[in-house]
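Structure file final_9.cif (mmCIF, C-alpha atoms) follows.
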data_work
loop_
_atom_site.label_atom_id
_atom_site.label_comp_id
_atom_site.auth_asym_id
_atom_site.auth_seq_id
_atom_site.Cartn_x
_atom_site.Cartn_y
_atom_site.Cartn_z
CA MET M 1 0.00 0.00 0.00
CA ARG M 2 3.03 2.28 0.11
CA SER M 3 2.50 3.60 -3.41
CA LEU M 4 -1.08 4.54 -2.55
CA GLU M 5 0.05 6.30 0.63
CA GLN M 6 2.66 8.21 -1.38
CA TRP M 7 0.02 9.13 -3.94
CA HIS M 8 -2.19 10.55 -1.20
CA GLN M 9 0.64 12.40 0.54
CA SER M 10 1.73 14.00 -2.75
CA GLY M 11 -1.71 15.42 -3.47
CA LYS M 12 -3.64 18.55 -2.57
CA TYR M 13 -7.27 19.60 -2.13
CA PHE M 14 -9.44 22.34 -3.53
CA MET M 15 -12.99 23.29 -2.61
CA PHE M 16 -15.93 22.76 -4.92
CA SER M 17 -19.37 23.64 -3.58
CA GLU M 18 -18.25 23.02 0.03
CA HIS M 19 -16.67 19.70 -0.83
CA ASN M 20 -12.98 18.79 -0.71
CA ILE M 21 -11.69 17.45 -4.02
CA PHE M 22 -8.36 15.63 -4.02
CA TYR M 23 -5.95 16.13 -6.92
CA ARG M 24 -2.34 15.69 -7.93
CA SER M 25 -0.40 18.18 -10.02
CA GLU M 26 3.12 17.35 -11.14
CA GLY M 27 5.56 17.80 -14.02
CA SER M 28 6.16 20.56 -16.53
CA GLY M 29 5.27 21.21 -20.14
CA PRO M 30 1.85 21.10 -21.83
CA VAL M 31 -0.98 20.38 -19.39
CA LEU M 32 -2.53 16.92 -19.45
CA LEU M 33 -5.77 16.39 -17.50
CA LEU M 34 -6.34 12.75 -16.52
CA ILE M 35 -9.90 11.64 -15.69
CA HIS M 36 -10.37 8.28 -13.96
CA GLY M 37 -13.09 5.63 -14.08
CA TYR M 38 -15.67 3.92 -11.85
CA PRO M 39 -15.38 2.72 -9.10
CA THR M 40 -11.76 3.65 -8.43
CA ALA M 41 -9.83 6.94 -8.53
CA SER M 42 -6.86 8.89 -9.88
CA TRP M 43 -4.47 6.25 -8.53
CA ASP M 44 -5.48 4.22 -11.61
CA TRP M 45 -2.80 6.25 -13.43
CA TYR M 46 0.04 5.36 -11.06
CA LYS M 47 1.91 3.10 -13.51
CA ILE M 48 2.10 5.67 -16.29
CA TRP M 49 2.27 8.81 -14.13
CA PRO M 50 6.09 9.00 -13.75
CA LYS M 51 6.72 8.85 -17.51
CA LEU M 52 3.87 11.22 -18.31
CA THR M 53 5.24 13.82 -15.90
CA GLU M 54 8.52 13.79 -17.82
CA HIS M 55 6.64 15.31 -20.77
CA PHE M 56 3.61 17.06 -19.30
CA HIS M 57 2.29 19.04 -16.40
CA CYS M 58 -0.10 16.28 -15.31
CA ILE M 59 -3.27 16.99 -13.33
CA ALA M 60 -5.35 14.10 -11.99
CA LEU M 61 -8.28 14.39 -9.61
CA ASP M 62 -10.49 12.09 -7.60
CA MET M 63 -13.95 13.15 -8.70
CA LEU M 64 -16.63 13.80 -6.11
CA GLY M 65 -17.59 10.50 -4.47
CA PHE M 66 -14.34 8.78 -5.39
CA GLY M 67 -10.99 8.03 -3.81
CA PHE M 68 -9.72 10.62 -1.35
CA SER M 69 -12.35 13.25 -2.22
CA ASP M 70 -15.49 13.90 -0.20
CA LYS M 71 -18.31 11.37 -0.57
CA PRO M 72 -21.60 12.98 0.42
CA ARG M 73 -24.62 10.69 0.54
CA ARG M 74 -26.68 12.28 -2.22
CA ASP M 75 -27.24 12.01 -5.96
CA TYR M 76 -24.35 12.33 -8.42
CA SER M 77 -24.20 13.37 -12.06
CA LEU M 78 -21.62 13.31 -14.84
CA MET M 79 -22.51 16.92 -15.61
CA GLU M 80 -21.41 17.96 -12.12
CA GLN M 81 -18.20 15.95 -12.47
CA ALA M 82 -17.46 17.92 -15.66
CA ASP M 83 -18.12 21.12 -13.69
CA ILE M 84 -15.57 19.96 -11.11
CA CYS M 85 -12.94 19.24 -13.76
CA ALA M 86 -13.48 22.66 -15.31
CA ALA M 87 -13.33 24.29 -11.86
CA LEU M 88 -10.04 22.55 -11.08
CA LEU M 89 -8.52 23.78 -14.34
CA GLN M 90 -9.63 27.31 -13.49
CA HIS M 91 -8.31 26.93 -9.93
CA LEU M 92 -4.90 26.03 -11.38
CA GLU M 93 -5.16 28.81 -14.00
CA VAL M 94 -4.93 26.37 -16.91
CA THR M 95 -5.87 27.96 -20.23
CA GLN M 96 -5.27 24.98 -22.54
CA CYS M 97 -4.74 21.26 -22.08
CA HIS M 98 -4.84 17.75 -23.47
CA VAL M 99 -7.20 15.19 -21.90
CA LEU M 100 -6.67 11.48 -21.16
CA ALA M 101 -9.80 9.70 -19.89
CA HIS M 102 -10.93 6.20 -18.95
CA ASP M 103 -14.31 4.50 -18.36
CA TYR M 104 -16.61 6.84 -16.34
CA GLY M 105 -14.11 9.58 -17.15
CA ASP M 106 -14.78 9.13 -20.88
CA SER M 107 -18.29 10.51 -20.41
CA VAL M 108 -16.97 13.43 -18.39
CA ALA M 109 -14.46 14.09 -21.17
CA GLN M 110 -17.24 13.95 -23.76
CA GLU M 111 -19.11 16.64 -21.86
CA LEU M 112 -15.95 18.77 -21.71
CA LEU M 113 -15.59 18.25 -25.46
CA ALA M 114 -19.22 19.28 -26.03
CA ARG M 115 -18.60 22.48 -24.08
CA HIS M 116 -15.39 23.09 -26.02
CA ASN M 117 -17.24 22.62 -29.32
CA GLU M 118 -19.89 25.16 -28.33
CA GLY M 119 -17.36 27.63 -26.91
CA SER M 120 -18.52 27.48 -23.28
CA LEU M 121 -15.43 25.80 -21.78
CA PRO M 122 -12.99 28.38 -20.36
CA CYS M 123 -10.02 26.09 -21.07
CA HIS M 124 -9.04 25.36 -24.68
CA LEU M 125 -8.73 21.64 -25.44
CA ILE M 126 -5.85 20.55 -27.68
CA LYS M 127 -6.16 16.78 -28.12
CA MET M 128 -8.19 14.08 -26.36
CA VAL M 129 -7.44 10.40 -25.72
CA PHE M 130 -10.04 7.87 -24.60
CA LEU M 131 -9.34 4.50 -23.02
CA ASN M 132 -11.98 1.76 -22.66
CA GLY M 133 -15.33 3.22 -21.65
CA GLY M 134 -18.97 3.68 -22.52
CA LEU M 135 -18.70 6.24 -25.28
CA PHE M 136 -21.95 4.85 -26.70
CA PRO M 137 -24.59 3.60 -24.22
CA GLU M 138 -25.82 1.02 -26.74
CA THR M 139 -22.42 -0.73 -26.67
CA HIS M 140 -21.84 -0.51 -22.91
CA TYR M 141 -22.32 -3.98 -21.42
CA PRO M 142 -22.26 -3.62 -17.61
CA VAL M 143 -21.31 -6.55 -15.39
CA PHE M 144 -23.98 -8.14 -13.20
CA MET M 145 -23.00 -6.24 -10.05
CA GLN M 146 -23.37 -2.90 -11.85
CA LYS M 147 -26.87 -3.88 -12.96
CA VAL M 148 -27.79 -4.80 -9.39
CA LEU M 149 -26.42 -1.53 -8.01
CA LEU M 150 -28.49 0.39 -10.54
CA SER M 151 -31.65 -1.50 -9.59
CA ARG M 152 -34.05 -0.66 -6.76
CA TRP M 153 -32.05 -3.07 -4.59
CA GLY M 154 -28.83 -1.07 -4.96
CA GLY M 155 -29.09 0.63 -1.57
CA LEU M 156 -29.32 -2.76 0.12
CA VAL M 157 -26.59 -4.42 -1.91
CA VAL M 158 -23.95 -1.85 -0.96
CA GLY M 159 -24.10 -3.15 2.59
CA LEU M 160 -22.95 -6.54 1.33
CA LEU M 161 -20.00 -5.32 -0.71
CA SER M 162 -16.58 -6.59 0.29
CA LYS M 163 -13.07 -6.73 -1.05
CA ASN M 164 -13.83 -10.23 -2.36
CA THR M 165 -16.88 -9.11 -4.35
CA LEU M 166 -14.91 -6.19 -5.75
CA ALA M 167 -12.03 -8.49 -6.72
CA ALA M 168 -14.36 -10.97 -8.39
CA ASN M 169 -15.98 -8.24 -10.51
CA LEU M 170 -12.71 -6.54 -11.45
CA LYS M 171 -11.19 -9.82 -12.52
CA LYS M 172 -14.07 -10.22 -14.97
CA VAL M 173 -13.14 -7.04 -16.81
CA PHE M 174 -9.35 -7.23 -16.71
CA GLY M 175 -7.79 -9.29 -19.48
CA PRO M 176 -7.12 -12.98 -18.70
CA TYR M 177 -3.38 -12.47 -19.24
CA SER M 178 -3.10 -9.30 -17.16
CA PRO M 179 -5.20 -9.63 -13.98
CA PRO M 180 -4.97 -7.10 -11.15
CA SER M 181 -2.37 -7.89 -8.49
CA GLU M 182 -3.29 -8.44 -4.87
CA HIS M 183 -1.64 -5.10 -4.10
CA GLU M 184 -3.85 -3.35 -6.66
CA LEU M 185 -7.02 -5.01 -5.39
CA GLU M 186 -6.16 -3.97 -1.84
CA ALA M 187 -5.58 -0.39 -3.02
CA PHE M 188 -8.83 -0.31 -5.01
CA TRP M 189 -10.79 -1.48 -1.97
CA HIS M 190 -9.05 1.07 0.29
CA LEU M 191 -9.96 3.86 -2.14
CA ILE M 192 -13.59 2.77 -2.24
CA ARG M 193 -13.86 2.39 1.55
CA TYR M 194 -12.19 5.75 2.26
CA HIS M 195 -14.83 8.03 3.84
CA ASP M 196 -17.18 5.01 3.82
CA GLY M 197 -17.48 5.28 0.04
CA GLN M 198 -18.90 1.80 -0.51
CA ARG M 199 -22.17 3.18 0.90
CA ILE M 200 -22.67 5.47 -2.12
CA MET M 201 -21.71 3.15 -4.97
CA HIS M 202 -25.36 2.77 -5.95
CA LYS M 203 -25.57 6.57 -6.17
CA LEU M 204 -22.48 6.86 -8.38
CA ILE M 205 -23.67 4.09 -10.72
CA HIS M 206 -26.40 6.36 -12.09
CA TYR M 207 -23.85 7.57 -14.61
CA MET M 208 -25.34 4.85 -16.83
CA THR M 209 -28.65 6.72 -16.78
CA ASP M 210 -26.84 9.97 -17.60
CA ARG M 211 -25.26 8.32 -20.62
CA GLN M 212 -28.68 7.43 -21.98
CA ARG M 213 -30.07 10.87 -21.25
CA PHE M 214 -27.23 12.79 -22.89
CA ARG M 215 -26.39 10.31 -25.65
CA GLU M 216 -27.09 12.68 -28.53
CA ARG M 217 -25.06 15.47 -26.96
CA TRP M 218 -22.07 13.30 -26.12
CA VAL M 219 -21.96 11.20 -29.30
CA GLY M 220 -22.54 14.42 -31.21
CA ALA M 221 -19.51 15.93 -29.48
CA LEU M 222 -17.33 13.16 -30.92
CA GLN M 223 -18.81 13.56 -34.38
CA ALA M 224 -18.49 17.35 -34.42
CA SER M 225 -15.10 17.55 -32.70
CA ASN M 226 -12.74 20.21 -34.00
CA ILE M 227 -9.79 18.67 -32.16
CA GLU M 228 -8.00 15.38 -32.79
CA LEU M 229 -9.27 12.33 -30.91
CA ARG M 230 -7.69 8.92 -30.29
CA LEU M 231 -9.22 5.77 -28.84
CA ILE M 232 -6.93 3.21 -27.17
CA ASP M 233 -8.91 0.08 -26.44
CA GLY M 234 -8.31 -3.29 -24.84
CA LEU M 235 -10.32 -5.60 -27.09
CA LEU M 236 -10.87 -8.35 -24.50
CA ASP M 237 -12.89 -6.03 -22.28
CA PRO M 238 -16.42 -7.47 -21.97
CA VAL M 239 -17.80 -4.04 -21.04
CA SER M 240 -16.40 -1.81 -23.81
CA GLY M 241 -13.99 -3.88 -25.88
CA ALA M 242 -14.02 -4.92 -29.54
CA HIS M 243 -17.76 -4.30 -29.93
CA MET M 244 -17.34 -0.68 -28.79
CA VAL M 245 -14.43 -0.18 -31.21
CA ALA M 246 -16.65 -1.35 -34.07
CA ARG M 247 -19.27 1.24 -33.10
CA TYR M 248 -16.62 3.95 -32.78
CA ARG M 249 -15.41 3.24 -36.31
CA GLU M 250 -18.98 3.38 -37.54
CA LEU M 251 -19.96 6.69 -35.93
CA VAL M 252 -16.82 8.81 -35.54
CA PRO M 253 -15.39 10.48 -38.67
CA GLN M 254 -11.82 9.46 -39.55
CA PRO M 255 -11.47 7.29 -36.45
CA ASP M 256 -8.00 7.03 -34.92
CA VAL M 257 -7.95 3.75 -32.99
CA VAL M 258 -5.13 1.85 -31.28
CA GLN M 259 -6.22 -1.71 -30.54
CA LEU M 260 -4.72 -3.83 -27.77
CA PRO M 261 -5.87 -7.35 -28.70
CA ASP M 262 -4.83 -9.15 -25.50
CA ILE M 263 -5.90 -6.49 -22.95
CA GLY M 264 -9.10 -5.86 -20.99
CA HIS M 265 -10.84 -2.87 -19.45
CA TYR M 266 -7.87 -1.22 -17.68
CA PRO M 267 -5.20 -0.71 -20.40
CA GLN M 268 -3.20 1.79 -18.34
CA MET M 269 -2.73 -0.82 -15.62
CA GLU M 270 -2.61 -3.97 -17.74
CA ASP M 271 -0.17 -2.75 -20.40
CA PRO M 272 1.25 0.64 -19.35
CA GLU M 273 4.09 0.59 -21.87
CA ARG M 274 1.87 0.25 -24.92
CA VAL M 275 -0.56 2.82 -23.56
CA LEU M 276 2.28 5.28 -23.01
CA ASP M 277 3.57 4.68 -26.53
CA ALA M 278 0.13 5.34 -27.99
CA VAL M 279 -0.50 8.44 -25.84
CA LEU M 280 2.91 10.05 -26.31
CA ASN M 281 3.04 9.39 -30.04
CA PHE M 282 -0.41 10.90 -30.51
CA LEU M 283 0.36 13.96 -28.41
CA GLY M 284 3.67 14.46 -30.22
CA GLU M 285 5.91 13.75 -27.24
CA LEU M 286 7.56 10.53 -28.44
CA PRO M 287 9.31 11.20 -31.77
CA ASN M 288 11.52 8.10 -31.81
CA GLY M 289 11.46 4.63 -30.30
CA LYS M 290 9.33 3.24 -27.54
CA VAL M 291 8.81 4.04 -23.91
CA VAL M 292 10.88 2.01 -21.48
CA LEU M 293 9.36 1.80 -18.01
#
Could I get this structure in the form of structure tokens?
Amino acid sequence: MRSLEQWHQSGKYFMFSEHNIFYRSEGSGPVLLLIHGYPTASWDWYKIWPKLTEHFHCIALDMLGFGFSDKPRRDYSLMEQADICAALLQHLEVTQCHVLAHDYGDSVAQELLARHNEGSLPCHLIKMVFLNGGLFPETHYPVFMQKVLLSRWGGLVVGLLSKNTLAANLKKVFGPYSPPSEHELEAFWHLIRYHDGQRIMHKLIHYMTDRQRFRERWVGALQASNIELRLIDGLLDPVSGAHMVARYRELVPQPDVVQLPDIGHYPQMEDPERVLDAVLNFLGELPNGKVVL
């Protein structure tokens, strides 16, 4: 757990609507905003963070309800999470940035892109990279536990959650050749339990409803984007793998896709070297050769 403790100790907090939001800010160069997925937190980036900070001023936050940020027992929305990301960029006086997003964070990034397209985002977006996530609600295949949490029984089920149930569900979405380590599972569970966060997982899961509600806006943002986009996808992901890539190629003009055939839902953790190669090449920070971790 030492790496998680170091991650926490190296971070800071800013206030958003009376809530403490944890973030890390490190490195120099162009700004890169990293937006994590559900149900974990910014620590998801820990394997690629050191190399990224050699090229970028990296900013990663734990969104409201996640990780080391506050976890009020109330409803959550992806729109508010986008507000928080924009507020953090303003707090740090960022005027332009790249974005790297994963899973839940993909939808937040799509909303930021929609605001950028319509000219309402104070920060100028340069390029955007998506990892596995529900870019299209019709190709998002949630695991059984997610369906249960979204149901009317969700508030009861959260009381039964344990590290073992979390591990069982995460192992279903990681690739068979790159499962999470015991250390990572322990860290994931610690992040969820921090501030008693397991008690609000059924509240956070309503992002799936938001994706349905705002589908036209968020898919439209991809289709009307005036910045370059790249999708890096682990094809073995049962939630948003090869089937989501096929839909991306169908709907997004001139699709730029990097496929990872033997990887699951967490590419940045399962194959950090290939993800770094794909990110740095796309953002113009890796002119020759490959990343060596």
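Reported to one decimal place, the separation of atom CA of Phe214 of chain M from atom CA of Ala242 of chain M is 23.1 Å.
The result of the PyMOL selection byres ((chain M and resi 26) around 9) on the shown file is M:Arg24, M:Ser25, M:Gly27, M:Ser28, M:Thr53, M:Phe56, M:His57, M:Cys58, M:Ile59.
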> Written as a ChimeraX atom specification, what is the full residue list that the PyMOL selection byres ((chain M and resi 173-188) around 10) yields on the file shown?
Replying inline: /M:1-5,39-41,43-44,67,142-143,163-164,166-172,189-193,234-241,261-267,269-271
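Between atom CA of Leu64 of chain M and atom CA of Ile21 of chain M the interatomic distance comes to 6.5 Å.
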>> Once the PyMOL selection byres ((chain M and resi 196-211) around 6) is applied to the coordinates I shared, what remains selected? I want it as a PyMOL selection string.
In response: chain M and resi 75-76+137+149+154+158+192-195+212-215
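Atom pair atom CA of Leu231 of chain M / atom CA of Val257 of chain M has a distance of 4.8 Å (rounded to one decimal).
Near Leu32 of chain M, within a cut-off of 6 Å and counting only C-alpha atoms, sit the residues Cys58, Cys97, His98 and Val99 of chain M, with same-chain residues fewer than 4 positions away left out.
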Can you write just those residues out, C-alpha atoms, as a JSON list (two decimals), in the coordinates of the input?
[["chain", "number", "residue", "atom", "x", "y", "z"],
["M", 58, "CYS", "CA", -0.10, 16.28, -15.31],
["M", 97, "CYS", "CA", -4.74, 21.26, -22.08],
["M", 98, "HIS", "CA", -4.84, 17.75, -23.47],
["M", 99, "VAL", "CA", -7.20, 15.19, -21.90]]
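Residues lying within 12 Å of Glu250 of chain M, counting only C-alpha atoms and ignoring same-chain neighbours fewer than 5 positions away, are M:Phe136, M:Val219, M:Leu222, M:Gln223, M:His243, M:Met244, M:Val245, M:Pro255, M:Asp256, M:Val257.
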